[in-house]
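S.K.: Just one file: final.tsv, with TSV, C-alpha atoms and all ligand atoms.
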chain	number	residue	atom	x	y	z
D	103	MET	CA	0.00	0.00	0.00
D	104	PHE	CA	1.28	3.46	-0.91
D	105	ILE	CA	1.96	5.47	2.27
D	106	ALA	CA	2.68	9.21	2.19
D	107	ASP	CA	3.65	11.67	4.92
D	108	ALA	CA	2.91	15.38	4.44
D	109	HIS	CA	5.31	16.79	7.03
D	110	CYS	CA	8.56	16.27	8.91
D	111	ASP	CA	11.38	18.49	10.18
D	112	THR	CA	14.32	16.21	9.36
D	113	LEU	CA	16.07	18.82	7.19
D	114	TYR	CA	16.03	21.25	10.14
D	115	GLU	CA	17.56	18.57	12.37
D	116	ILE	CA	20.36	17.91	9.89
D	117	GLY	CA	20.89	21.37	8.37
D	118	ILE	CA	20.38	23.65	11.39
D	119	CYS	CA	20.76	21.46	14.52
D	120	HIS	CA	23.60	19.48	12.89
D	121	THR	CA	22.16	16.16	13.99
D	122	ALA	CA	23.83	13.24	12.23
D	123	PRO	CA	21.42	11.95	9.53
D	124	GLU	CA	21.53	8.41	10.90
D	125	ARG	CA	20.41	9.71	14.32
D	126	CYS	CA	17.27	11.37	12.92
D	127	VAL	CA	13.82	9.88	13.45
D	128	ILE	CA	13.37	9.68	9.69
D	129	THR	CA	16.02	7.66	7.89
D	130	PRO	CA	15.85	5.81	4.56
D	131	ASP	CA	15.85	2.48	6.44
D	132	LYS	CA	12.92	3.40	8.64
D	133	LEU	CA	10.95	4.83	5.69
D	134	GLU	CA	11.47	1.58	3.83
D	135	LYS	CA	10.57	-0.56	6.83
D	136	GLY	CA	7.40	1.49	7.37
D	137	GLY	CA	6.47	1.21	3.70
D	138	VAL	CA	6.54	4.98	3.14
D	139	GLY	CA	6.65	5.80	-0.57
D	140	LEU	CA	6.51	9.58	-0.30
D	141	GLN	CA	8.00	11.69	2.46
D	142	THR	CA	7.54	15.46	2.50
D	143	PHE	CA	10.63	17.20	3.91
D	144	ALA	CA	10.02	20.76	5.14
D	145	LEU	CA	12.41	23.67	5.01
D	146	PHE	CA	11.51	24.89	8.48
D	147	ALA	CA	12.11	28.55	9.29
D	148	GLY	CA	12.53	27.98	13.02
D	149	LYS	CA	12.56	30.84	15.44
D	150	HIS	CA	13.24	33.76	13.16
D	151	GLY	CA	9.92	35.48	12.45
D	152	THR	CA	10.71	38.80	10.84
D	153	GLU	CA	14.17	38.85	12.43
D	154	GLY	CA	17.30	36.98	11.48
D	155	THR	CA	18.31	34.78	8.65
D	156	ALA	CA	15.50	32.40	7.78
D	157	TYR	CA	16.54	32.81	4.14
D	158	GLN	CA	20.06	31.57	4.83
D	159	ASP	CA	18.68	28.74	6.97
D	160	GLY	CA	16.49	27.73	4.03
D	161	LEU	CA	19.58	27.55	1.80
D	162	ASP	CA	21.47	25.61	4.50
D	163	MET	CA	18.66	23.05	4.63
D	164	LEU	CA	18.62	22.72	0.84
D	165	ALA	CA	22.37	22.12	0.97
D	166	VAL	CA	21.97	19.05	3.21
D	167	VAL	CA	19.26	17.40	1.10
D	168	PRO	CA	21.80	14.88	-0.30
D	169	GLN	CA	22.49	13.72	3.28
D	170	LEU	CA	18.91	12.44	3.49
D	171	LYS	CA	19.91	9.73	1.03
D	172	VAL	CA	16.31	9.70	-0.20
D	173	PRO	CA	15.81	10.50	-3.90
D	174	LEU	CA	13.88	13.73	-4.37
D	175	LEU	CA	11.16	14.38	-6.95
D	176	LEU	CA	12.08	17.77	-8.38
D	177	ASP	CA	10.29	17.41	-11.73
D	178	ASP	CA	6.60	16.78	-12.31
D	179	LEU	CA	5.36	13.73	-10.47
D	180	PRO	CA	5.29	10.36	-12.24
D	181	ASP	CA	1.89	8.88	-13.17
D	182	ALA	CA	2.01	6.27	-10.43
D	183	PRO	CA	3.02	6.88	-6.79
D	184	PRO	CA	6.56	5.76	-5.98
D	185	ALA	CA	6.99	2.23	-4.61
D	186	THR	CA	10.16	2.97	-2.63
D	187	PRO	CA	10.99	5.93	-0.35
D	188	THR	CA	11.04	9.17	-2.31
D	189	GLY	CA	11.01	12.77	-1.12
D	190	ILE	CA	9.39	16.08	-1.97
D	191	LEU	CA	10.05	19.48	-0.41
D	192	SER	CA	7.80	21.94	1.37
D	193	CYS	CA	8.30	25.12	3.36
D	194	GLU	CA	7.23	25.77	6.95
D	195	GLY	CA	7.43	29.47	7.68
D	196	GLY	CA	7.37	31.86	4.69
D	197	GLU	CA	9.75	34.28	6.42
D	198	MET	CA	12.53	32.63	4.44
D	199	PHE	CA	11.22	34.54	1.40
D	200	GLU	CA	11.87	37.83	3.27
D	201	GLY	CA	8.83	39.48	1.70
D	202	SER	CA	10.23	38.94	-1.79
D	203	ILE	CA	8.55	37.11	-4.69
D	204	GLU	CA	12.03	36.68	-6.22
D	205	ARG	CA	13.11	34.69	-3.16
D	206	PHE	CA	10.02	32.48	-3.56
D	207	HIS	CA	10.98	31.76	-7.17
D	208	GLU	CA	14.57	31.15	-6.10
D	209	PHE	CA	13.46	28.42	-3.69
D	210	MET	CA	11.11	27.00	-6.32
D	211	ALA	CA	13.97	26.76	-8.80
D	212	ARG	CA	16.31	25.18	-6.28
D	213	GLY	CA	13.91	22.84	-4.50
D	214	ARG	CA	10.48	22.66	-6.18
D	215	LEU	CA	8.39	23.39	-3.08
D	216	ARG	CA	5.01	21.60	-3.22
D	217	MET	CA	3.35	23.34	-0.28
D	218	ILE	CA	4.10	26.32	1.90
D	219	ALA	CA	3.01	26.77	5.51
D	220	LEU	CA	2.68	30.54	5.32
D	221	THR	CA	3.68	31.08	8.94
D	222	TRP	CA	5.24	29.03	11.67
D	223	ASN	CA	4.67	30.31	15.23
D	224	PHE	CA	5.66	33.92	14.55
D	225	GLU	CA	4.27	36.85	12.66
D	226	ASN	CA	6.06	37.28	9.36
D	227	GLU	CA	5.71	39.29	6.13
D	228	ILE	CA	2.79	37.06	5.06
D	229	GLY	CA	0.51	36.88	8.10
D	230	TYR	CA	0.01	35.80	11.69
D	231	PRO	CA	0.36	32.47	13.51
D	232	ALA	CA	-2.35	30.38	15.17
D	233	LEU	CA	-0.40	30.67	18.43
D	234	GLY	CA	-0.70	34.29	19.50
D	235	GLY	CA	-4.36	35.07	19.03
D	236	GLU	CA	-3.99	37.82	16.41
D	237	LYS	CA	-7.34	38.49	14.68
D	238	LYS	CA	-5.91	40.08	11.51
D	239	GLY	CA	-5.78	38.16	8.24
D	240	LEU	CA	-3.13	37.92	5.53
D	241	LYS	CA	-0.92	40.90	4.82
D	242	PRO	CA	-0.63	42.44	1.32
D	243	PHE	CA	2.51	40.39	0.63
D	244	GLY	CA	0.55	37.29	1.68
D	245	PHE	CA	-2.01	37.90	-1.06
D	246	GLU	CA	0.72	38.69	-3.57
D	247	LEU	CA	2.57	35.47	-2.69
D	248	LEU	CA	-0.68	33.49	-2.89
D	249	ARG	CA	-1.20	34.60	-6.50
D	250	GLU	CA	2.32	33.46	-7.38
D	251	MET	CA	1.83	30.16	-5.54
D	252	ASP	CA	-1.43	29.47	-7.38
D	253	ALA	CA	0.26	30.21	-10.70
D	254	ALA	CA	3.16	27.92	-9.78
D	255	GLY	CA	0.89	25.09	-8.56
D	256	VAL	CA	1.98	25.33	-4.93
D	257	ARG	CA	-0.50	24.68	-2.11
D	258	ALA	CA	-0.95	26.99	0.84
D	259	ASP	CA	-0.55	25.00	4.06
D	260	VAL	CA	-2.68	26.36	6.91
D	261	SER	CA	-1.08	24.36	9.74
D	262	HIS	CA	0.25	27.10	12.08
D	263	LEU	CA	-1.74	29.92	10.41
D	264	ASN	CA	-4.25	31.94	12.43
D	265	GLU	CA	-7.98	31.65	11.73
D	266	ALA	CA	-8.38	35.02	9.98
D	267	GLY	CA	-5.57	34.04	7.62
D	268	PHE	CA	-7.23	30.67	7.07
D	269	TRP	CA	-10.49	32.29	5.96
D	270	ASP	CA	-8.63	34.75	3.73
D	271	LEU	CA	-7.08	31.74	2.03
D	272	MET	CA	-10.43	30.02	1.68
D	273	ASP	CA	-11.75	33.15	-0.04
D	274	ARG	CA	-8.81	33.84	-2.29
D	275	ALA	CA	-6.73	30.73	-3.00
D	276	GLU	CA	-7.47	29.06	-6.33
D	277	LEU	CA	-5.86	25.81	-5.18
D	278	ALA	CA	-7.63	24.37	-2.16
D	279	PRO	CA	-5.56	24.98	0.96
D	280	ILE	CA	-4.23	22.03	2.94
D	281	ALA	CA	-3.34	21.47	6.59
D	282	SER	CA	-0.22	19.30	6.43
D	283	HIS	CA	0.05	18.49	10.16
D	284	SER	CA	-2.94	19.43	12.33
D	285	ASP	CA	-5.58	17.50	14.25
D	286	CYS	CA	-9.14	18.15	15.50
D	287	ARG	CA	-9.56	21.02	17.93
D	288	TRP	CA	-12.86	19.70	19.28
D	289	LEU	CA	-11.02	16.58	20.49
D	290	CYS	CA	-7.89	18.37	21.71
D	291	ASP	CA	-8.18	22.09	22.25
D	292	THR	CA	-5.04	23.79	20.96
D	293	PRO	CA	-4.90	26.63	18.42
D	294	ARG	CA	-2.66	24.38	16.28
D	295	ASN	CA	-5.61	22.03	15.67
D	296	LEU	CA	-8.46	22.73	13.24
D	297	THR	CA	-11.99	23.72	14.23
D	298	LYS	CA	-14.96	21.81	12.80
D	299	ASP	CA	-15.72	24.75	10.51
D	300	GLN	CA	-12.16	24.70	9.21
D	301	VAL	CA	-12.27	20.95	8.60
D	302	ARG	CA	-15.62	21.31	6.80
D	303	ALA	CA	-14.19	24.10	4.62
D	304	ILE	CA	-11.19	21.95	3.65
D	305	ILE	CA	-13.53	19.04	2.85
D	306	ASP	CA	-15.78	21.35	0.76
D	307	ARG	CA	-12.77	22.50	-1.26
D	308	ASN	CA	-11.34	18.97	-1.56
D	309	GLY	CA	-8.08	19.96	0.12
D	310	PHE	CA	-6.02	17.80	2.46
D	311	ILE	CA	-5.54	17.26	6.20
D	312	GLY	CA	-2.52	15.36	7.52
D	313	ILE	CA	-3.01	13.87	10.99
D	314	ASN	CA	-0.21	15.05	13.28
D	315	PHE	CA	1.26	12.38	15.60
D	316	TYR	CA	2.28	14.86	18.32
D	317	ALA	CA	0.76	13.49	21.55
D	318	ASN	CA	-0.10	17.00	22.78
D	319	PHE	CA	-2.28	17.59	19.69
D	320	LEU	CA	-3.91	14.14	19.88
D	321	HIS	CA	-4.83	14.09	23.56
D	322	PRO	CA	-5.57	16.97	25.99
D	323	GLU	CA	-3.25	15.45	28.58
D	324	GLY	CA	-0.47	14.79	26.10
D	325	LYS	CA	-0.62	11.03	26.64
D	326	ALA	CA	-1.77	9.61	23.35
D	327	THR	CA	-2.17	6.06	22.09
D	328	LEU	CA	-2.88	4.72	18.62
D	329	ASP	CA	-6.57	4.85	19.60
D	330	ASP	CA	-6.29	8.64	19.73
D	331	VAL	CA	-5.03	8.68	16.15
D	332	LEU	CA	-8.09	6.59	15.29
D	333	ARG	CA	-10.36	9.03	17.18
D	334	HIS	CA	-9.14	12.01	15.15
D	335	ILE	CA	-9.43	10.08	11.90
D	336	ASP	CA	-12.96	8.92	12.83
D	337	ALA	CA	-13.96	12.48	13.70
D	338	ILE	CA	-12.88	13.86	10.32
D	339	CYS	CA	-14.50	10.94	8.49
D	340	GLU	CA	-17.75	11.61	10.38
D	341	LEU	CA	-17.74	15.05	8.73
D	342	GLY	CA	-17.30	13.40	5.33
D	343	GLY	CA	-13.54	13.80	5.12
D	344	GLU	CA	-12.28	10.38	4.04
D	345	ARG	CA	-11.20	11.84	0.66
D	346	VAL	CA	-9.07	14.61	2.22
D	347	LEU	CA	-7.41	12.69	5.05
D	348	GLY	CA	-3.85	11.52	5.36
D	349	PHE	CA	-0.80	11.74	7.59
D	350	GLY	CA	1.49	14.60	8.58
D	351	SER	CA	3.65	12.85	11.16
D	352	ASP	CA	5.75	15.87	12.22
D	353	PHE	CA	8.60	13.41	12.91
D	354	ASP	CA	11.86	15.09	13.88
D	355	GLY	CA	9.77	18.04	15.07
D	356	ILE	CA	7.91	16.47	18.02
D	357	ASP	CA	9.02	15.14	21.40
D	358	SER	CA	6.01	12.97	22.30
D	359	TRP	CA	3.95	10.52	20.28
D	360	PRO	CA	1.66	7.50	20.73
D	361	ASP	CA	3.40	4.28	21.81
D	362	GLY	CA	4.46	2.41	18.71
D	363	LEU	CA	4.31	5.50	16.52
D	364	GLY	CA	7.62	7.17	17.27
D	365	ASP	CA	8.99	6.79	13.76
D	366	PRO	CA	7.90	5.77	10.24
D	367	THR	CA	7.97	2.06	11.07
D	368	GLY	CA	4.72	2.66	13.00
D	369	PHE	CA	2.58	3.42	9.92
D	370	PRO	CA	1.50	-0.22	9.29
D	371	ALA	CA	0.17	-0.45	12.87
D	372	VAL	CA	-2.04	2.62	12.29
D	373	LEU	CA	-3.38	1.15	9.07
D	374	ASP	CA	-4.01	-2.23	10.75
D	375	LEU	CA	-5.96	-0.46	13.47
D	376	LEU	CA	-8.13	1.32	10.89
D	377	ARG	CA	-8.66	-1.99	9.08
D	378	ARG	CA	-9.76	-3.67	12.31
D	379	HIS	CA	-12.20	-0.83	12.86
D	380	GLY	CA	-13.90	-1.56	9.56
D	381	TYR	CA	-12.36	0.95	7.21
D	382	PRO	CA	-12.77	-0.45	3.70
D	383	GLU	CA	-9.59	-1.15	1.74
D	384	GLU	CA	-10.23	1.65	-0.75
D	385	THR	CA	-10.61	4.22	2.06
D	386	LEU	CA	-7.47	2.87	3.71
D	387	GLN	CA	-5.50	3.37	0.51
D	388	ASN	CA	-6.79	6.93	0.18
D	389	ILE	CA	-5.90	7.82	3.76
D	390	ALA	CA	-2.55	6.02	3.61
D	391	GLY	CA	-1.31	8.08	0.69
D	392	LEU	CA	-3.53	8.50	-2.34
D	393	ASN	CA	-5.35	11.57	-0.99
D	394	LEU	CA	-2.05	13.46	-0.68
D	395	TRP	CA	-0.94	12.16	-4.06
D	396	ARG	CA	-4.21	13.48	-5.58
D	397	VAL	CA	-3.75	17.05	-4.26
D	398	LEU	CA	-0.13	17.06	-5.45
D	399	LYS	CA	-1.17	15.93	-8.94
D	400	GLU	CA	-4.01	18.47	-9.02
D	401	SER	CA	-1.54	21.20	-8.08
D	402	GLU	CA	0.60	20.35	-11.08
D	403	ALA	CA	-2.41	20.26	-13.40
D	404	HIS	CA	-3.38	23.73	-12.16
D	405	ARG	CA	0.05	25.30	-12.80
D	406	ARG	CA	0.15	28.02	-15.43
O	501	ZN	ZN	4.90	22.48	12.42
Will you turn the file into structure tokens for me?

M.R.:
Amino acid sequence: MFIADAHCDTLYEIGICHTAPERCVITPDKLEKGGVGLQTFALFAGKHGTEGTAYQDGLDMLAVVPQLKVPLLLDDLPDAPPATPTGILSCEGGEMFEGSIERFHEFMARGRLRMIALTWNFENEIGYPALGGEKKGLKPFGFELLREMDAAGVRADVSHLNEAGFWDLMDRAELAPIASHSDCRWLCDTPRNLTKDQVRAIIDRNGFIGINFYANFLHPEGKATLDDVLRHIDAICELGGERVLGFGSDFDGIDSWPDGLGDPTGFPAVLDLLRRHGYPEETLQNIAGLNLWRVLKESEAHRR
């Protein structure tokens, strides 16, 4: 079964924290053992906000891509999903563009970003983060960047974005926004999780939601089990979301997770659990990876 993961911070671990690649949570071996065909690797802006050198950090993370030892898809995607571990790139924190469309195109040319989380946890030139409570929406540069992203076939990723920014995107983005690594706020109340209205809006637009494995987003007390992953998946499916659901593990960016799901080798156990709970095989395949593959292919078809 094709398994895809919409988010991890492994490039930050290697490129910025200087962790040895073989000591990362995500390694080629573990991806293969877990049956992961497509791993999204984020260029993560870290703690910069509008200060510092997120741009240089972005370049430093691109420079260590070969150390992943996972082949990267930098051209248009093949017709069929990859059978062995393959990577794509995303961005988490648009401050690395420094308010410049040229910088965005520079990163596109160097790394073919497939999705961009417009903010991380700080205000930047694009908008405001979910953590912080700001009620203002996207900034003028945010709308300008969004037009360029739509034209380039790049999805806006609303994980980390504040609600006003989310609804601006829903109004203005041509390509349906995605949430690469967020869970259900009505099951675990943190601003990083999505409200029911947000989940419904993503379902209506046929976007994508990647379930985050961070225990603090899965369970209010931060002690999560695989059953909590199931609870969040059930909850989104109850709203009609089985065609937009997938995984956004957040591996190498989280410090707590359900037992048995601390690295990519845990994916088969999640899928087994869903199977035991009566999820039909076709739905399993969609959640495991085909839903993410669909939005990626649609993004390419949309590109002008
Ligand atoms: Zn994140």

S.K.: For ligand ZN 501 (chain O), list the contacting residues at 7 Å or closer, counting only C-alpha atoms and all ligand atoms, as a PyMOL selection string.

M.R.: chain D and resi 194+222+261-262+283+352

S.K.: Check the smallest atom-to-atom distance from each of D:Leu373, D:Ala303, D:Cys290, D:Ala106 to Gly343 (chain D) using only C-alpha atoms, then report the winner.

M.R.: D:Ala303

S.K.: Can you work out the spacing between CA of Lys171 (chain D) and CA of Asp357 (chain D) in Å, to one decimal?

M.R.: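 Rounded to one decimal, the two atoms are 23.7 Å apart.
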
S.K.: In terms of the shortest atom-to-atom distance over only C-alpha atoms, which of D:Ala122, D:Cys286, D:Leu113, D:Ala211 is closest to Val167 (chain D)?

M.R.: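 Ranked by minimum distance to Val167 (chain D), first place goes to D:Leu113.
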
S.K.: For Leu248 (chain D), which residue among D:Ala275, D:Val172, D:Asp330, D:Asp336 is the nearest when counting all atoms listed in the file?

M.R.: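 Ranked by minimum distance to Leu248 (chain D), first place goes to D:Ala275.
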
S.K.: Between D:Met217, D:Ala156, D:Leu161, D:Leu233, which residue has the minimum interatomic distance to Met198 (chain D), considering only C-alpha atoms?

M.R.: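 So, comparing all the options, the nearest one is D:Ala156.
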
S.K.: Can you work out which one of D:Asp159, D:Pro187, D:Ala165, D:Arg257 has the shortest atom-to-atom distance to Phe199 (chain D), counting all atoms listed in the file?

M.R.: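 Using all atoms listed in the file, Phe199 (chain D) sits closest to D:Asp159.
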
S.K.: Calculated over only C-alpha atoms, which of the candidates D:Pro168, D:Gly148, D:Gly196, D:Gly255 has the smallest distance to Leu398 (chain D)?

M.R.: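 Comparing D:Pro168, D:Gly148, D:Gly196, D:Gly255 against Leu398 (chain D), the winner is D:Gly255.
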
S.K.: List as a list in words the residues having at least one atom at most 9 Å from position (-5.7, 32.3, 12.6) as given in the file, counting only C-alpha atoms.

M.R.: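 All residues meeting the 9 Å criterion around (-5.7, 32.3, 12.6) are Gly229, Tyr230, Pro231, Ala232, Leu233, Gly234, Gly235, Glu236, Lys237, Lys238, Gly239, Val260, His262, Leu263, Asn264, Glu265, Ala266, Gly267, Phe268, Trp269 and Pro293 of chain D.
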
S.K.: Suppose you want the space between CA of Glu204 (chain D) and CA of Ala144 (chain D); what is it in Å?

M.R.: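 Value for the CA of Glu204 (chain D)-CA of Ala144 (chain D) distance: 19.7 Å.
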
S.K.: Excluding Leu191 (chain D) and its own-chain neighbours fewer than 5 positions away, which residues fall within 12 Å of it when counting all atoms listed in the file? Please give them as a ChimeraX atom specification.

M.R.: /D:107-113,140-146,160,163-164,167,170,172-177,209-219,256-257,398

S.K.: Which value, in Å to one decimal, gives the distance between CA of Ala147 (chain D) and CA of Gly312 (chain D)?

M.R.: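 A separation of 19.8 Å between them.
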
S.K.: Could you check which residues have any atom within 10 Å of (-0.4, 35.9, -0.3), counting all atoms listed in the file with coordinates taken straight from the file, and then list them as a list in words?

M.R.: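 Counting all atoms listed in the file, I find these residues within 10 Å of (-0.4, 35.9, -0.3): Leu220, Glu227, Ile228, Gly229, Leu240, Lys241, Pro242, Phe243, Gly244, Phe245, Glu246, Leu247, Leu248, Arg249, Glu250, Met251, Asp252, Ala258, Gly267, Asp270, Leu271, Arg274 and Ala275 of chain D.
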
S.K.: Listing only residues of region 300-339 of chain D within 10 Å of region 376-393 of chain D, what is the closest atom pair and its distance in Å (to one decimal) for each, using all atoms listed in the file, sorted by chain and residue number ascending, as JSON lines?

M.R.:
{"residue": "D:Asn308", "atom": "CA", "partner": "D:Asn393", "partner_atom": "CA", "distance": 9.5}
{"residue": "D:Gly309", "atom": "CA", "partner": "D:Asn393", "partner_atom": "CA", "distance": 8.9}
{"residue": "D:Phe310", "atom": "CA", "partner": "D:Asn393", "partner_atom": "CA", "distance": 7.2}
{"residue": "D:Ile311", "atom": "CA", "partner": "D:Asn393", "partner_atom": "CA", "distance": 9.2}
{"residue": "D:Gly312", "atom": "CA", "partner": "D:Ile389", "partner_atom": "CA", "distance": 9.1}
{"residue": "D:Ile313", "atom": "CA", "partner": "D:Ile389", "partner_atom": "CA", "distance": 9.9}
{"residue": "D:Leu328", "atom": "CA", "partner": "D:Leu376", "partner_atom": "CA", "distance": 9.9}
{"residue": "D:Asp329", "atom": "CA", "partner": "D:Leu376", "partner_atom": "CA", "distance": 9.5}
{"residue": "D:Val331", "atom": "CA", "partner": "D:Leu376", "partner_atom": "CA", "distance": 9.6}
{"residue": "D:Leu332", "atom": "CA", "partner": "D:Leu376", "partner_atom": "CA", "distance": 6.9}
{"residue": "D:Ile335", "atom": "CA", "partner": "D:Leu376", "partner_atom": "CA", "distance": 8.9}
{"residue": "D:Asp336", "atom": "CA", "partner": "D:Leu376", "partner_atom": "CA", "distance": 9.2}
